[in-house]
Amino acid sequence: MEYYPCPICKEPEKMLLRYPNMVCSNCLQSGIWADKEQTQQIQFMNTEFSGGFTSIINNNYVKQHTCYIKGHECYADEARFGGIIIQCFDNDQFTDVRLEDKQPRKIRKISNNHSE
Ligand SMILES: [Zn+2]
């Protein structure tokens with residue numbers, strides 16, 4: 001475990017190394033939205049005990065990975081060992097953050113890279 005700044009609020013939080021762009025729990029509690037206008041909430045869950053991914057919008061099961069938190073586009077997916085992980089790559093300022101090993105943090109834009 002190492003501390004990484006949350007991609008949205010910049011508060012350092014313990015993040016799994018595998019997911020350095022994880023959104024912190026405070027931001028997750030602020031609301032997760034299916035649309036950029038933040039009118040429709042979305043929930044994510046595993047489809048099986050061992051994993052799988054589904055999302056729920058308005059009691060409908062969909063497989064939408066994209067969500068919005070505090071106006072930032074985020075990407076939800078099943079975590080490697082179960083559970084759901086939500087990451088945010090939608091922040092240009094984030095490229096200036098340097099990790100403890102002095103390597104500049106690489107940023108990946110997620111838009112249009114994922115086909116359903
Ligand atoms: Zn945060």
# chains A, B, ... in the order shown; residues from 1 in each chain; ligands from 1
$ closest_atom_pairs --of "chain A" --to "ligand 1" --cutoff "6 Å" --atoms "only C-alpha atoms and all ligand atoms" --output "tab-separated table"
residue	atom	partner	partner_atom_place_in_ligand_line	distance
A:Cys6	CA	ligand 1	1 (Zn)	4.6
A:Ile8	CA	ligand 1	1 (Zn)	5.0
A:Cys9	CA	ligand 1	1 (Zn)	4.1
A:Glu11	CA	ligand 1	1 (Zn)	5.9
A:Val23	CA	ligand 1	1 (Zn)	5.5
A:Cys24	CA	ligand 1	1 (Zn)	4.2
A:Asn26	CA	ligand 1	1 (Zn)	5.5
A:Cys27	CA	ligand 1	1 (Zn)	4.3
$ closest_residue --among "A:Pro5, A:Gly71, A:Pro12, A:Gly82" --to "Gly31 in chain A" --atoms "only C-alpha atoms"
A:Gly71
$ atom_distance --atom1 "CA of Gln41 in chain A" --atom2 "CA of Tyr3 in chain A"
28.6 Å
$ residues_around --residues "range 73-79 of chain A" --least-positions-apart "2" --cutoff "12 Å" --atoms "only C-alpha atoms" --output "VMD selection string"
chain A and resid 7 to 8 16 18 to 19 21 to 24 27 to 28 32 to 38 42 to 55 63 to 71 81 to 91 108 to 114
$ decode --residues "range 36-79 of chain A" --atoms "N, CA and C atoms" --output "compact mmCIF listing (two decimals), in the first residue's frame"
# COMPACT_ATOMS: atom_id res chain seq x y z
N LYS A 36 -23.29 12.83 -17.38
CA LYS A 36 -22.48 13.99 -17.04
C LYS A 36 -23.29 15.07 -16.33
N GLU A 37 -24.56 15.13 -16.62
CA GLU A 37 -25.41 16.14 -15.98
C GLU A 37 -25.70 15.78 -14.52
N GLN A 38 -25.34 14.55 -14.13
CA GLN A 38 -25.51 14.06 -12.77
C GLN A 38 -26.97 14.12 -12.32
N THR A 39 -27.80 13.54 -13.15
CA THR A 39 -29.21 13.44 -12.80
C THR A 39 -29.61 12.00 -12.49
N GLN A 40 -28.83 11.05 -12.96
CA GLN A 40 -29.18 9.63 -12.82
C GLN A 40 -28.06 8.90 -12.10
N GLN A 41 -28.39 8.33 -10.96
CA GLN A 41 -27.35 7.62 -10.22
C GLN A 41 -27.11 6.24 -10.80
N ILE A 42 -25.91 5.75 -10.60
CA ILE A 42 -25.54 4.43 -11.09
C ILE A 42 -24.87 3.67 -9.97
N GLN A 43 -25.12 2.38 -9.93
CA GLN A 43 -24.48 1.51 -8.94
C GLN A 43 -23.75 0.41 -9.68
N PHE A 44 -22.70 -0.08 -9.06
CA PHE A 44 -21.93 -1.17 -9.66
C PHE A 44 -21.89 -2.34 -8.70
N MET A 45 -21.90 -3.52 -9.28
CA MET A 45 -21.76 -4.71 -8.42
C MET A 45 -21.22 -5.86 -9.23
N ASN A 46 -20.72 -6.85 -8.51
CA ASN A 46 -20.28 -8.08 -9.14
C ASN A 46 -21.50 -8.92 -9.47
N THR A 47 -21.40 -9.67 -10.56
CA THR A 47 -22.51 -10.53 -10.95
C THR A 47 -22.44 -11.88 -10.26
N GLU A 48 -21.26 -12.25 -9.80
CA GLU A 48 -21.09 -13.51 -9.10
C GLU A 48 -20.21 -13.26 -7.89
N PHE A 49 -20.15 -14.27 -7.05
CA PHE A 49 -19.30 -14.14 -5.87
C PHE A 49 -17.85 -13.91 -6.28
N SER A 50 -17.44 -14.57 -7.34
CA SER A 50 -16.04 -14.52 -7.75
C SER A 50 -15.71 -13.30 -8.61
N GLY A 51 -16.71 -12.55 -9.02
CA GLY A 51 -16.41 -11.39 -9.83
C GLY A 51 -17.52 -11.11 -10.82
N GLY A 52 -17.13 -10.68 -12.00
CA GLY A 52 -18.13 -10.26 -12.97
C GLY A 52 -18.48 -8.82 -12.72
N PHE A 53 -19.09 -8.21 -13.70
CA PHE A 53 -19.39 -6.78 -13.57
C PHE A 53 -20.76 -6.48 -14.11
N THR A 54 -21.52 -5.73 -13.38
CA THR A 54 -22.74 -5.17 -13.92
C THR A 54 -22.98 -3.82 -13.25
N SER A 55 -23.77 -3.02 -13.88
CA SER A 55 -24.14 -1.75 -13.28
C SER A 55 -25.65 -1.62 -13.32
N ILE A 56 -26.15 -0.84 -12.40
CA ILE A 56 -27.60 -0.70 -12.25
C ILE A 56 -27.96 0.77 -12.36
N ILE A 57 -28.82 1.09 -13.31
CA ILE A 57 -29.34 2.43 -13.45
C ILE A 57 -30.85 2.35 -13.38
N ASN A 58 -31.42 3.02 -12.40
CA ASN A 58 -32.88 3.07 -12.30
C ASN A 58 -33.49 1.67 -12.29
N ASN A 59 -32.88 0.76 -11.51
CA ASN A 59 -33.33 -0.62 -11.37
C ASN A 59 -33.16 -1.46 -12.63
N ASN A 60 -32.48 -0.94 -13.62
CA ASN A 60 -32.19 -1.72 -14.81
C ASN A 60 -30.73 -2.15 -14.80
N TYR A 61 -30.51 -3.40 -15.16
CA TYR A 61 -29.14 -3.88 -15.25
C TYR A 61 -28.57 -3.49 -16.61
N VAL A 62 -27.49 -2.78 -16.58
CA VAL A 62 -26.80 -2.40 -17.81
C VAL A 62 -25.34 -2.76 -17.61
N LYS A 63 -24.57 -2.62 -18.62
CA LYS A 63 -23.15 -2.90 -18.45
C LYS A 63 -22.32 -1.66 -18.73
N GLN A 64 -22.77 -0.58 -18.20
CA GLN A 64 -22.07 0.68 -18.41
C GLN A 64 -20.91 0.80 -17.43
N HIS A 65 -19.73 1.04 -17.98
CA HIS A 65 -18.55 1.22 -17.14
C HIS A 65 -18.29 2.68 -16.82
N THR A 66 -18.67 3.55 -17.73
CA THR A 66 -18.39 4.97 -17.54
C THR A 66 -19.33 5.56 -16.51
N CYS A 67 -18.78 6.36 -15.63
CA CYS A 67 -19.63 7.05 -14.65
C CYS A 67 -19.00 8.41 -14.39
N TYR A 68 -19.73 9.23 -13.66
CA TYR A 68 -19.26 10.59 -13.38
C TYR A 68 -19.30 10.84 -11.88
N ILE A 69 -18.19 11.35 -11.37
CA ILE A 69 -18.11 11.70 -9.96
C ILE A 69 -17.59 13.12 -9.88
N LYS A 70 -18.36 13.99 -9.25
CA LYS A 70 -18.00 15.41 -9.15
C LYS A 70 -17.66 15.99 -10.51
N GLY A 71 -18.35 15.53 -11.54
CA GLY A 71 -18.15 16.08 -12.88
C GLY A 71 -17.00 15.48 -13.64
N HIS A 72 -16.28 14.54 -13.04
CA HIS A 72 -15.17 13.91 -13.73
C HIS A 72 -15.62 12.56 -14.28
N GLU A 73 -15.18 12.30 -15.49
CA GLU A 73 -15.50 11.01 -16.09
C GLU A 73 -14.63 9.94 -15.44
N CYS A 74 -15.26 8.88 -15.00
CA CYS A 74 -14.55 7.79 -14.33
C CYS A 74 -14.90 6.48 -15.00
N TYR A 75 -14.16 5.46 -14.64
CA TYR A 75 -14.35 4.16 -15.25
C TYR A 75 -14.40 3.10 -14.16
N ALA A 76 -15.49 2.37 -14.13
CA ALA A 76 -15.67 1.33 -13.12
C ALA A 76 -15.47 -0.03 -13.75
N ASP A 77 -14.88 -0.93 -12.99
CA ASP A 77 -14.72 -2.29 -13.49
C ASP A 77 -14.56 -3.22 -12.31
N GLU A 78 -14.64 -4.51 -12.58
CA GLU A 78 -14.44 -5.44 -11.49
C GLU A 78 -12.97 -5.45 -11.11
N ALA A 79 -12.73 -5.55 -9.84
CA ALA A 79 -11.35 -5.62 -9.38
C ALA A 79 -10.83 -7.03 -9.58
